[in-house]
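Data file: query.pdb. Format and content: PDB, C-alpha atoms, pLDDT in the B column.
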ATOM      1  CA  MET M   7      14.599  12.252  10.858  1.00 60.00           C
ATOM      2  CA  SER M   8      13.664  15.601  12.281  1.00 75.00           C
ATOM      3  CA  GLU M   9      10.038  16.521  12.493  1.00 84.00           C
ATOM      4  CA  SER M  10      10.476  19.751  10.522  1.00 89.00           C
ATOM      5  CA  VAL M  11      11.764  17.790   7.511  1.00 92.00           C
ATOM      6  CA  ALA M  12       8.768  15.486   7.872  1.00 94.00           C
ATOM      7  CA  TYR M  13       6.351  18.430   7.911  1.00 94.00           C
ATOM      8  CA  VAL M  14       7.828  19.796   4.651  1.00 95.00           C
ATOM      9  CA  LEU M  15       7.530  16.350   3.022  1.00 95.00           C
ATOM     10  CA  ILE M  16       3.979  15.932   4.262  1.00 96.00           C
ATOM     11  CA  ALA M  17       3.006  19.438   3.078  1.00 97.00           C
ATOM     12  CA  LEU M  18       4.373  18.784  -0.414  1.00 96.00           C
ATOM     13  CA  SER M  19       2.697  15.360  -0.485  1.00 97.00           C
ATOM     14  CA  ILE M  20      -0.623  16.991   0.416  1.00 97.00           C
ATOM     15  CA  VAL M  21      -0.166  19.412  -2.516  1.00 97.00           C
ATOM     16  CA  VAL M  22       0.418  16.436  -4.846  1.00 97.00           C
ATOM     17  CA  MET M  23      -2.539  14.578  -3.347  1.00 97.00           C
ATOM     18  CA  ALA M  24      -4.895  17.583  -3.634  1.00 97.00           C
ATOM     19  CA  TRP M  25      -3.784  18.363  -7.166  1.00 96.00           C
ATOM     20  CA  ALA M  26      -4.145  14.770  -8.332  1.00 97.00           C
ATOM     21  CA  GLY M  27      -7.486  14.574  -6.511  1.00 96.00           C
ATOM     22  CA  TRP M  28      -8.725  17.708  -8.285  1.00 96.00           C
ATOM     23  CA  LEU M  29      -7.689  16.239 -11.665  1.00 96.00           C
ATOM     24  CA  ALA M  30      -9.390  12.952 -10.764  1.00 95.00           C
ATOM     25  CA  VAL M  31     -12.629  14.739  -9.825  1.00 95.00           C
ATOM     26  CA  ARG M  32     -12.626  16.470 -13.214  1.00 95.00           C
ATOM     27  CA  ASN M  33     -11.772  13.167 -14.955  1.00 93.00           C
ATOM     28  CA  ARG M  34      -8.455  14.510 -16.222  1.00 93.00           C
ATOM     29  CA  PRO M  35      -5.210  12.598 -16.724  1.00 92.00           C
ATOM     30  CA  LEU M  36      -1.810  13.564 -15.365  1.00 93.00           C
ATOM     31  CA  ASP M  37      -0.796  17.056 -16.543  1.00 93.00           C
ATOM     32  CA  ASN M  38       2.634  18.692 -16.746  1.00 94.00           C
ATOM     33  CA  ALA M  39       2.129  20.836 -13.646  1.00 94.00           C
ATOM     34  CA  LEU M  40       1.323  17.816 -11.471  1.00 95.00           C
ATOM     35  CA  PHE M  41       4.270  15.973 -12.947  1.00 95.00           C
ATOM     36  CA  TYR M  42       6.642  18.797 -11.936  1.00 96.00           C
ATOM     37  CA  VAL M  43       5.272  19.009  -8.396  1.00 96.00           C
ATOM     38  CA  ALA M  44       5.548  15.239  -8.060  1.00 96.00           C
ATOM     39  CA  ALA M  45       9.109  15.429  -9.422  1.00 97.00           C
ATOM     40  CA  ALA M  46       9.960  18.100  -6.841  1.00 97.00           C
ATOM     41  CA  LEU M  47       8.574  15.813  -4.117  1.00 97.00           C
ATOM     42  CA  GLU M  48      10.623  12.906  -5.453  1.00 97.00           C
ATOM     43  CA  ILE M  49      13.838  14.980  -5.459  1.00 97.00           C
ATOM     44  CA  MET M  50      13.160  15.924  -1.829  1.00 96.00           C
ATOM     45  CA  LEU M  51      12.482  12.299  -0.949  1.00 97.00           C
ATOM     46  CA  LEU M  52      15.790  11.236  -2.522  1.00 97.00           C
ATOM     47  CA  ALA M  53      17.622  13.934  -0.552  1.00 96.00           C
ATOM     48  CA  VAL M  54      15.870  12.902   2.676  1.00 95.00           C
ATOM     49  CA  ALA M  55      16.637   9.232   2.038  1.00 96.00           C
ATOM     50  CA  MET M  56      20.330   9.953   1.535  1.00 95.00           C
ATOM     51  CA  GLY M  57      20.345  12.161   4.613  1.00 94.00           C
ATOM     52  CA  GLY M  58      18.467   9.447   6.481  1.00 93.00           C
ATOM     53  CA  PHE M  59      21.038   6.783   5.690  1.00 94.00           C
ATOM     54  CA  VAL M  60      23.871   9.120   6.766  1.00 94.00           C
ATOM     55  CA  ALA M  61      21.994   9.943   9.973  1.00 92.00           C
ATOM     56  CA  LEU M  62      21.376   6.241  10.578  1.00 91.00           C
ATOM     57  CA  ALA M  63      25.098   5.532  10.186  1.00 91.00           C
ATOM     58  CA  VAL M  64      26.234   8.158  12.681  1.00 92.00           C
ATOM     59  CA  THR M  65      23.421   8.215  15.246  1.00 86.00           C
ATOM     60  CA  ASP M  66      23.735   6.938  18.795  1.00 85.00           C
ATOM     61  CA  ARG M  67      19.984   6.394  19.013  1.00 83.00           C
ATOM     62  CA  PRO M  68      18.736   2.817  19.380  1.00 82.00           C
ATOM     63  CA  VAL M  69      16.973   3.006  16.009  1.00 84.00           C
ATOM     64  CA  ASP M  70      15.809  -0.201  14.329  1.00 84.00           C
ATOM     65  CA  GLY M  71      18.156   0.146  11.356  1.00 86.00           C
ATOM     66  CA  VAL M  72      16.666  -2.515   9.088  1.00 86.00           C
ATOM     67  CA  THR M  73      13.142  -1.150   9.426  1.00 88.00           C
ATOM     68  CA  PHE M  74      14.265   2.471   9.071  1.00 91.00           C
ATOM     69  CA  GLY M  75      16.400   1.650   6.009  1.00 92.00           C
ATOM     70  CA  GLY M  76      13.562  -0.363   4.492  1.00 91.00           C
ATOM     71  CA  TYR M  77      11.181   2.561   4.858  1.00 93.00           C
ATOM     72  CA  LEU M  78      13.758   4.939   3.315  1.00 95.00           C
ATOM     73  CA  LEU M  79      14.161   2.649   0.290  1.00 94.00           C
ATOM     74  CA  THR M  80      10.403   2.215  -0.042  1.00 94.00           C
ATOM     75  CA  ILE M  81       9.567   5.911   0.187  1.00 96.00           C
ATOM     76  CA  VAL M  82      11.741   6.819  -2.831  1.00 97.00           C
ATOM     77  CA  VAL M  83      10.160   4.248  -5.171  1.00 96.00           C
ATOM     78  CA  ILE M  84       6.477   4.986  -4.390  1.00 96.00           C
ATOM     79  CA  MET M  85       6.068   8.127  -6.523  1.00 96.00           C
ATOM     80  CA  PRO M  86       7.909   6.821  -9.636  1.00 96.00           C
ATOM     81  CA  ILE M  87       5.868   3.597  -9.585  1.00 96.00           C
ATOM     82  CA  GLY M  88       2.642   5.512  -8.894  1.00 96.00           C
ATOM     83  CA  ILE M  89       3.314   7.977 -11.730  1.00 96.00           C
ATOM     84  CA  ALA M  90       4.247   5.187 -14.151  1.00 95.00           C
ATOM     85  CA  TRP M  91       1.191   3.104 -13.266  1.00 94.00           C
ATOM     86  CA  GLY M  92      -1.181   6.084 -13.143  1.00 93.00           C
ATOM     87  CA  ALA M  93       0.042   7.908 -16.273  1.00 91.00           C
ATOM     88  CA  SER M  94      -0.802   4.982 -18.525  1.00 87.00           C
ATOM     89  CA  ASP M  95      -4.518   5.338 -17.769  1.00 88.00           C
ATOM     90  CA  LYS M  96      -6.006   8.505 -19.256  1.00 88.00           C
ATOM     91  CA  SER M  97      -9.139   8.563 -17.103  1.00 90.00           C
ATOM     92  CA  ARG M  98      -9.680   9.848 -13.563  1.00 93.00           C
ATOM     93  CA  TRP M  99      -8.468   6.512 -12.233  1.00 94.00           C
ATOM     94  CA  GLY M 100      -4.948   7.260 -13.463  1.00 94.00           C
ATOM     95  CA  THR M 101      -4.717  10.393 -11.333  1.00 96.00           C
ATOM     96  CA  GLY M 102      -6.522   8.471  -8.586  1.00 96.00           C
ATOM     97  CA  VAL M 103      -3.495   6.187  -8.383  1.00 96.00           C
ATOM     98  CA  ILE M 104      -1.296   9.255  -7.799  1.00 96.00           C
ATOM     99  CA  VAL M 105      -3.599  10.350  -4.937  1.00 97.00           C
ATOM    100  CA  ILE M 106      -2.942   6.987  -3.293  1.00 96.00           C
ATOM    101  CA  ALA M 107       0.810   7.176  -3.955  1.00 97.00           C
ATOM    102  CA  ALA M 108       1.020  10.609  -2.285  1.00 97.00           C
ATOM    103  CA  PHE M 109      -1.051   9.343   0.666  1.00 97.00           C
ATOM    104  CA  ILE M 110       1.346   6.413   1.102  1.00 96.00           C
ATOM    105  CA  VAL M 111       4.295   8.844   1.111  1.00 97.00           C
ATOM    106  CA  ILE M 112       2.583  10.721   3.975  1.00 97.00           C
ATOM    107  CA  VAL M 113       2.042   7.513   5.949  1.00 95.00           C
ATOM    108  CA  LEU M 114       5.625   6.343   5.378  1.00 95.00           C
ATOM    109  CA  THR M 115       6.992   9.769   6.368  1.00 96.00           C
ATOM    110  CA  TRP M 116       5.079   9.639   9.624  1.00 94.00           C
ATOM    111  CA  ARG M 117       6.252   6.076  10.298  1.00 92.00           C
ATOM    112  CA  LEU M 118       9.871   7.156   9.645  1.00 93.00           C
ATOM    113  CA  VAL M 119       9.538   9.821  12.334  1.00 93.00           C
ATOM    114  CA  GLN M 120       8.079   7.253  14.756  1.00 91.00           C
ATOM    115  CA  ILE M 121      10.786   4.687  14.057  1.00 90.00           C
ATOM    116  CA  TRP M 122      13.486   7.344  14.429  1.00 90.00           C
ATOM    117  CA  GLN M 123      12.028   8.252  17.804  1.00 87.00           C
ATOM    118  CA  GLY M 124      11.757   4.596  18.762  1.00 80.00           C
ATOM    119  CA  ILE M 125       7.965   4.578  19.002  1.00 70.00           C
ATOM    120  CA  GLY M 126       6.129   1.336  18.118  1.00 53.00           C
ATOM    121  CA  VAL M 127       7.891  -0.625  15.384  1.00 47.00           C
TER
ATOM    122  CA  MET K  28      -8.213  -6.583 -24.952  1.00 42.00           C
ATOM    123  CA  SER K  29      -9.490  -9.120 -22.450  1.00 44.00           C
ATOM    124  CA  ASP K  30      -6.154  -9.153 -20.650  1.00 46.00           C
ATOM    125  CA  ARG K  31      -6.371  -5.385 -19.923  1.00 51.00           C
ATOM    126  CA  SER K  32      -9.887  -5.220 -18.570  1.00 79.00           C
ATOM    127  CA  THR K  33      -9.119  -5.881 -14.908  1.00 90.00           C
ATOM    128  CA  SER K  34      -6.319  -3.298 -14.808  1.00 91.00           C
ATOM    129  CA  SER K  35      -7.936  -0.345 -16.598  1.00 90.00           C
ATOM    130  CA  GLY K  36     -10.292   2.299 -15.239  1.00 91.00           C
ATOM    131  CA  PRO K  37     -11.144   1.655 -11.561  1.00 94.00           C
ATOM    132  CA  GLY K  38      -8.984  -1.459 -11.806  1.00 94.00           C
ATOM    133  CA  ARG K  39      -5.998   0.862 -12.065  1.00 94.00           C
ATOM    134  CA  VAL K  40      -6.612   2.100  -8.531  1.00 96.00           C
ATOM    135  CA  LEU K  41      -7.544  -1.363  -7.279  1.00 96.00           C
ATOM    136  CA  VAL K  42      -4.235  -2.823  -8.467  1.00 96.00           C
ATOM    137  CA  ALA K  43      -2.380   0.097  -6.860  1.00 96.00           C
ATOM    138  CA  VAL K  44      -4.046  -0.534  -3.487  1.00 96.00           C
ATOM    139  CA  TYR K  45      -3.361  -4.274  -3.763  1.00 97.00           C
ATOM    140  CA  ALA K  46       0.295  -3.524  -4.546  1.00 96.00           C
ATOM    141  CA  VAL K  47       0.554  -1.397  -1.407  1.00 95.00           C
ATOM    142  CA  PHE K  48      -0.819  -4.233   0.718  1.00 95.00           C
ATOM    143  CA  ALA K  49       1.385  -6.784  -1.038  1.00 96.00           C
ATOM    144  CA  LEU K  50       4.398  -4.669  -0.138  1.00 93.00           C
ATOM    145  CA  SER K  51       3.427  -3.887   3.453  1.00 90.00           C
ATOM    146  CA  ALA K  52       2.272  -7.430   4.269  1.00 92.00           C
ATOM    147  CA  THR K  53       5.454  -8.896   2.773  1.00 93.00           C
ATOM    148  CA  ALA K  54       7.705  -6.481   4.635  1.00 90.00           C
ATOM    149  CA  ARG K  55       5.819  -7.010   7.889  1.00 87.00           C
ATOM    150  CA  SER K  56       5.915 -10.794   7.720  1.00 90.00           C
ATOM    151  CA  ALA K  57       9.567 -10.829   6.587  1.00 90.00           C
ATOM    152  CA  VAL K  58      10.560  -8.793   9.630  1.00 86.00           C
ATOM    153  CA  GLN K  59       8.367 -10.869  11.958  1.00 86.00           C
ATOM    154  CA  ILE K  60       9.685 -14.210  10.735  1.00 88.00           C
ATOM    155  CA  ALA K  61      13.307 -13.072  10.516  1.00 87.00           C
ATOM    156  CA  THR K  62      13.435 -11.502  13.971  1.00 84.00           C
ATOM    157  CA  ASP K  63      11.314 -13.606  16.298  1.00 81.00           C
ATOM    158  CA  PHE K  64       9.370 -16.388  14.610  1.00 83.00           C
ATOM    159  CA  ASP K  65       9.007 -18.459  17.785  1.00 84.00           C
ATOM    160  CA  ALA K  66       7.188 -15.668  19.604  1.00 81.00           C
ATOM    161  CA  ALA K  67       3.969 -16.098  17.628  1.00 82.00           C
ATOM    162  CA  ARG K  68       4.174 -18.943  15.130  1.00 86.00           C
ATOM    163  CA  LEU K  69       0.502 -18.903  14.143  1.00 86.00           C
ATOM    164  CA  ALA K  70       0.246 -15.130  13.744  1.00 86.00           C
ATOM    165  CA  TYR K  71       3.498 -14.881  11.819  1.00 89.00           C
ATOM    166  CA  SER K  72       2.614 -17.787   9.539  1.00 90.00           C
ATOM    167  CA  LEU K  73      -0.722 -16.146   8.759  1.00 90.00           C
ATOM    168  CA  SER K  74       1.141 -12.906   8.096  1.00 89.00           C
ATOM    169  CA  ALA K  75       3.167 -14.738   5.456  1.00 93.00           C
ATOM    170  CA  VAL K  76       0.001 -16.297   3.970  1.00 94.00           C
ATOM    171  CA  SER K  77      -1.650 -12.877   3.704  1.00 95.00           C
ATOM    172  CA  ALA K  78       1.477 -11.503   2.012  1.00 95.00           C
ATOM    173  CA  VAL K  79       1.383 -14.278  -0.615  1.00 97.00           C
ATOM    174  CA  VAL K  80      -2.350 -13.751  -1.208  1.00 97.00           C
ATOM    175  CA  TYR K  81      -1.847 -10.017  -1.778  1.00 97.00           C
ATOM    176  CA  ILE K  82       1.059 -10.623  -4.156  1.00 97.00           C
ATOM    177  CA  VAL K  83      -0.953 -13.173  -6.175  1.00 97.00           C
ATOM    178  CA  ALA K  84      -4.008 -10.884  -6.268  1.00 97.00           C
ATOM    179  CA  THR K  85      -1.916  -7.905  -7.412  1.00 97.00           C
ATOM    180  CA  ILE K  86      -0.308  -9.833 -10.262  1.00 97.00           C
ATOM    181  CA  ALA K  87      -3.541 -11.577 -11.285  1.00 97.00           C
ATOM    182  CA  LEU K  88      -5.498  -8.298 -11.418  1.00 96.00           C
ATOM    183  CA  ALA K  89      -2.698  -6.403 -13.170  1.00 95.00           C
ATOM    184  CA  ARG K  90      -2.263  -9.116 -15.794  1.00 94.00           C
ATOM    185  CA  GLY K  91      -5.952  -9.962 -16.105  1.00 93.00           C
ATOM    186  CA  ILE K  92      -5.563 -13.586 -15.019  1.00 94.00           C
ATOM    187  CA  ARG K  93      -9.184 -13.915 -13.938  1.00 94.00           C
ATOM    188  CA  PRO K  94      -9.407 -17.387 -12.360  1.00 95.00           C
ATOM    189  CA  LEU K  95      -6.373 -16.625 -10.226  1.00 97.00           C
ATOM    190  CA  ALA K  96      -7.786 -13.216  -9.262  1.00 97.00           C
ATOM    191  CA  TRP K  97     -11.121 -14.806  -8.243  1.00 97.00           C
ATOM    192  CA  ALA K  98      -9.295 -17.372  -6.134  1.00 97.00           C
ATOM    193  CA  ALA K  99      -6.997 -14.828  -4.478  1.00 97.00           C
ATOM    194  CA  CYS K 100      -9.816 -12.405  -3.608  1.00 97.00           C
ATOM    195  CA  THR K 101     -11.952 -15.253  -2.228  1.00 97.00           C
ATOM    196  CA  VAL K 102      -9.122 -16.566  -0.050  1.00 97.00           C
ATOM    197  CA  GLU K 103      -8.506 -13.014   1.075  1.00 96.00           C
ATOM    198  CA  ALA K 104     -12.148 -12.435   2.005  1.00 96.00           C
ATOM    199  CA  VAL K 105     -12.266 -15.679   4.002  1.00 96.00           C
ATOM    200  CA  GLY K 106      -8.860 -14.981   5.546  1.00 94.00           C
ATOM    201  CA  VAL K 107      -9.610 -11.514   6.823  1.00 94.00           C
ATOM    202  CA  PHE K 108     -12.827 -12.655   8.508  1.00 94.00           C
ATOM    203  CA  VAL K 109     -11.457 -15.884   9.957  1.00 93.00           C
ATOM    204  CA  VAL K 110      -8.249 -14.242  11.198  1.00 92.00           C
ATOM    205  CA  GLY K 111     -10.143 -11.149  12.340  1.00 92.00           C
ATOM    206  CA  THR K 112     -12.611 -13.253  14.325  1.00 93.00           C
ATOM    207  CA  ILE K 113      -9.950 -15.499  15.867  1.00 90.00           C
ATOM    208  CA  SER K 114      -7.814 -12.496  16.803  1.00 90.00           C
ATOM    209  CA  LEU K 115     -10.757 -11.075  18.755  1.00 91.00           C
ATOM    210  CA  THR K 116     -12.124 -14.279  20.298  1.00 92.00           C
ATOM    211  CA  ALA K 117      -8.803 -16.006  21.014  1.00 89.00           C
ATOM    212  CA  PRO K 118      -6.254 -13.187  21.337  1.00 87.00           C
ATOM    213  CA  GLU K 119      -3.796 -15.540  23.068  1.00 86.00           C
ATOM    214  CA  HIS K 120      -2.927 -16.920  19.616  1.00 82.00           C
ATOM    215  CA  PHE K 121      -2.092 -13.427  18.398  1.00 83.00           C
ATOM    216  CA  PRO K 122       0.460 -11.864  20.742  1.00 79.00           C
ATOM    217  CA  ASP K 123       1.538  -9.740  17.772  1.00 79.00           C
ATOM    218  CA  ALA K 124      -0.644  -8.263  15.053  1.00 80.00           C
ATOM    219  CA  THR K 125      -1.032  -9.320  11.426  1.00 85.00           C
ATOM    220  CA  VAL K 126      -2.511  -7.309   8.564  1.00 89.00           C
ATOM    221  CA  TRP K 127      -5.771  -9.198   9.070  1.00 91.00           C
ATOM    222  CA  SER K 128      -5.977  -8.919  12.876  1.00 90.00           C
ATOM    223  CA  ASP K 129      -9.111  -7.218  14.201  1.00 91.00           C
ATOM    224  CA  TYR K 130     -10.465  -7.170  10.626  1.00 92.00           C
ATOM    225  CA  GLY K 131      -7.606  -4.947   9.490  1.00 91.00           C
ATOM    226  CA  GLN K 132      -8.219  -2.205  12.034  1.00 90.00           C
ATOM    227  CA  GLY K 133      -4.542  -1.215  11.974  1.00 88.00           C
ATOM    228  CA  TYR K 134      -4.934  -0.393   8.299  1.00 91.00           C
ATOM    229  CA  GLY K 135      -8.172   1.559   8.525  1.00 91.00           C
ATOM    230  CA  PHE K 136     -10.253  -1.606   7.896  1.00 93.00           C
ATOM    231  CA  VAL K 137      -9.167  -1.444   4.264  1.00 94.00           C
ATOM    232  CA  PRO K 138      -8.187  -5.173   4.369  1.00 94.00           C
ATOM    233  CA  ALA K 139     -11.818  -6.043   5.237  1.00 95.00           C
ATOM    234  CA  VAL K 140     -13.256  -4.059   2.330  1.00 96.00           C
ATOM    235  CA  LEU K 141     -10.615  -4.722  -0.320  1.00 96.00           C
ATOM    236  CA  PRO K 142     -11.461  -8.357  -1.191  1.00 96.00           C
ATOM    237  CA  PHE K 143     -15.105  -7.404  -1.796  1.00 96.00           C
ATOM    238  CA  LEU K 144     -14.070  -4.514  -4.022  1.00 96.00           C
ATOM    239  CA  GLY K 145     -11.877  -7.005  -5.884  1.00 96.00           C
ATOM    240  CA  LEU K 146     -14.717  -9.540  -6.264  1.00 96.00           C
ATOM    241  CA  MET K 147     -17.162  -6.804  -7.307  1.00 95.00           C
ATOM    242  CA  TRP K 148     -14.699  -5.544  -9.871  1.00 95.00           C
ATOM    243  CA  LEU K 149     -14.153  -9.043 -11.296  1.00 95.00           C
ATOM    244  CA  TRP K 150     -17.931  -9.479 -11.495  1.00 93.00           C
ATOM    245  CA  ARG K 151     -18.454  -6.077 -13.137  1.00 91.00           C
ATOM    246  CA  THR K 152     -15.822  -6.702 -15.814  1.00 91.00           C
ATOM    247  CA  ARG K 153     -16.832 -10.316 -16.544  1.00 85.00           C
ATOM    248  CA  GLU K 154     -18.627  -9.523 -19.829  1.00 69.00           C
ATOM    249  CA  SER K 155     -15.708  -7.727 -21.385  1.00 54.00           C
ATOM    250  CA  ARG K 156     -13.755 -10.941 -21.222  1.00 49.00           C
ATOM    251  CA  GLU K 157     -15.127 -11.962 -24.595  1.00 48.00           C
TER
END
Show this structure as structure tokens.
Amino acid sequence: MSESVAYVLIALSIVVMAWAGWLAVRNRPLDNALFYVAAALEIMLLAVAMGGFVALAVTDRPVDGVTFGGYLLTIVVIMPIGIAWGASDKSRWGTGVIVIAAFIVIVLTWRLVQIWQGIGV
Amino acid sequence: MSDRSTSSGPGRVLVAVYAVFALSATARSAVQIATDFDAARLAYSLSAVSAVVYIVATIALARGIRPLAWAACTVEAVGVFVVGTISLTAPEHFPDATVWSDYGQGYGFVPAVLPFLGLMWLWRTRESRE
């Protein structure tokens, strides 16, 4: 899990978070544009997760495999669940859920970097 | 629509936050108990209790099962303050952290605030029940 990949993920997550936050402030539900950005983030997360599992299989690092794998599996399901749960409420609270989902992706991304580097599990 | 009232509007976000804690507390306690249960039996058992409470609260709020949601949020409020206080006054019982240690400091103190948001939300939505 290289840090540059993490920065791209975090940057895209911040875009999703800001966009959803802006919609929430204006009391708007999920719109198409946010959906596409969130979909782009999800595609990246899937790619990173696959890459992460390959990296985990071939690395010589003393990485905690179960924890790292668990985080990889978790990070790919957060956005779909958040979108599904948030889209069914047409008020600001629906997009508020997506703000939280994107924030969790940021936290998990950062934890993945730490676990990969063997810092505090 | 009594069964929807706790999961619509602000409840939507509340359930989402509860789900996050249900997941993280469950994962944390599963790893703790699976890897080294004997190292901190009390802390790890309380980790498992907190995980169950979060799961019950998430389901109860999402499904609008009010009595269960009241019970879960109350247990949670008591738990975070009892565990938080013990973890500070008798740290020897907590060689490893739980979600509720130090009043949830490791999670931005959200665990200390969340049960009260849950109870407030249940109180606010009580009329819409019937």
Within 10 Å of chain K: residues of chain M, using all atoms listed in the file, as an mmCIF file with C-alpha atoms, in the frame of the given file:
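Result went into selection.cif, see below:
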data_model
loop_
_atom_site.group_PDB
_atom_site.id
_atom_site.type_symbol
_atom_site.label_atom_id
_atom_site.label_comp_id
_atom_site.auth_asym_id
_atom_site.auth_seq_id
_atom_site.Cartn_x
_atom_site.Cartn_y
_atom_site.Cartn_z
ATOM 1 C CA VAL M 72 16.666 -2.515 9.088
ATOM 2 C CA THR M 73 13.142 -1.150 9.426
ATOM 3 C CA GLY M 76 13.562 -0.363 4.492
ATOM 4 C CA TYR M 77 11.181 2.561 4.858
ATOM 5 C CA THR M 80 10.403 2.215 -0.042
ATOM 6 C CA ILE M 84 6.477 4.986 -4.390
ATOM 7 C CA ILE M 87 5.868 3.597 -9.585
ATOM 8 C CA GLY M 88 2.642 5.512 -8.894
ATOM 9 C CA TRP M 91 1.191 3.104 -13.266
ATOM 10 C CA GLY M 92 -1.181 6.084 -13.143
ATOM 11 C CA SER M 94 -0.802 4.982 -18.525
ATOM 12 C CA ASP M 95 -4.518 5.338 -17.769
ATOM 13 C CA LYS M 96 -6.006 8.505 -19.256
ATOM 14 C CA SER M 97 -9.139 8.563 -17.103
ATOM 15 C CA ARG M 98 -9.680 9.848 -13.563
ATOM 16 C CA TRP M 99 -8.468 6.512 -12.233
ATOM 17 C CA GLY M 100 -4.948 7.260 -13.463
ATOM 18 C CA THR M 101 -4.717 10.393 -11.333
ATOM 19 C CA GLY M 102 -6.522 8.471 -8.586
ATOM 20 C CA VAL M 103 -3.495 6.187 -8.383
ATOM 21 C CA ILE M 104 -1.296 9.255 -7.799
ATOM 22 C CA VAL M 105 -3.599 10.350 -4.937
ATOM 23 C CA ILE M 106 -2.942 6.987 -3.293
ATOM 24 C CA ALA M 107 0.810 7.176 -3.955
ATOM 25 C CA ILE M 110 1.346 6.413 1.102
#
>> Could you tell me how far atom CA of M:Ile121 sits from atom CA of M:Val43, in Å to one decimal place?
In response: 27.2 Å
>> Which residues would end up in the selection if the PyMOL selection byres ((chain M and resi 50-65) around 10) were applied here, given that I need the answer as a PyMOL selection string?
In response: chain M and resi 7-8+11-12+14-15+18+44-49+66-71+74-75+77-83+85+111+115+118+122
>> So that I can see what lies close to K:Ala57, please list as a list in words the residues with an atom at most 9 Å from it, counting only C-alpha atoms and leaving out residues fewer than 5 positions away in the same chain.
In response: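 Contacts, in chain order: Ala52, Thr62, Tyr71, Ser74 and Ala75 of chain K.
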>> Just to confirm, what's the straight-line distance from atom CA of K:Ala70 to atom CA of K:His120 in Å (one decimal)?
In response: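 Those two atoms sit 6.9 Å apart.
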>> As an exercise, work out the distance from atom CA of K:Ser77 to atom CA of M:Pro86 in Å and give it to one decimal place.
In response: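 Separation of atom CA of K:Ser77 and atom CA of M:Pro86: 25.6 Å.
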> What lies within 8 Å of K:Ala89 using all atoms listed in the file, ignoring chain neighbours under 3 positions off, as number ranges by chain?
Replying inline: K: 31, 33-34, 42, 85-86, 92
> Expanded to explicit residues, what is the PyMOL selection byres ((chain K and resi 124) around 9) for this file, as a PyMOL selection string?
Replying inline: chain K and resi 70-71+74+114+121-123+125-129+133
> For M:Asp37, which residue out of M:Phe109, M:Trp25, M:Trp116, M:Tyr13 is the nearest one, using only C-alpha atoms?
Replying inline: M:Trp25
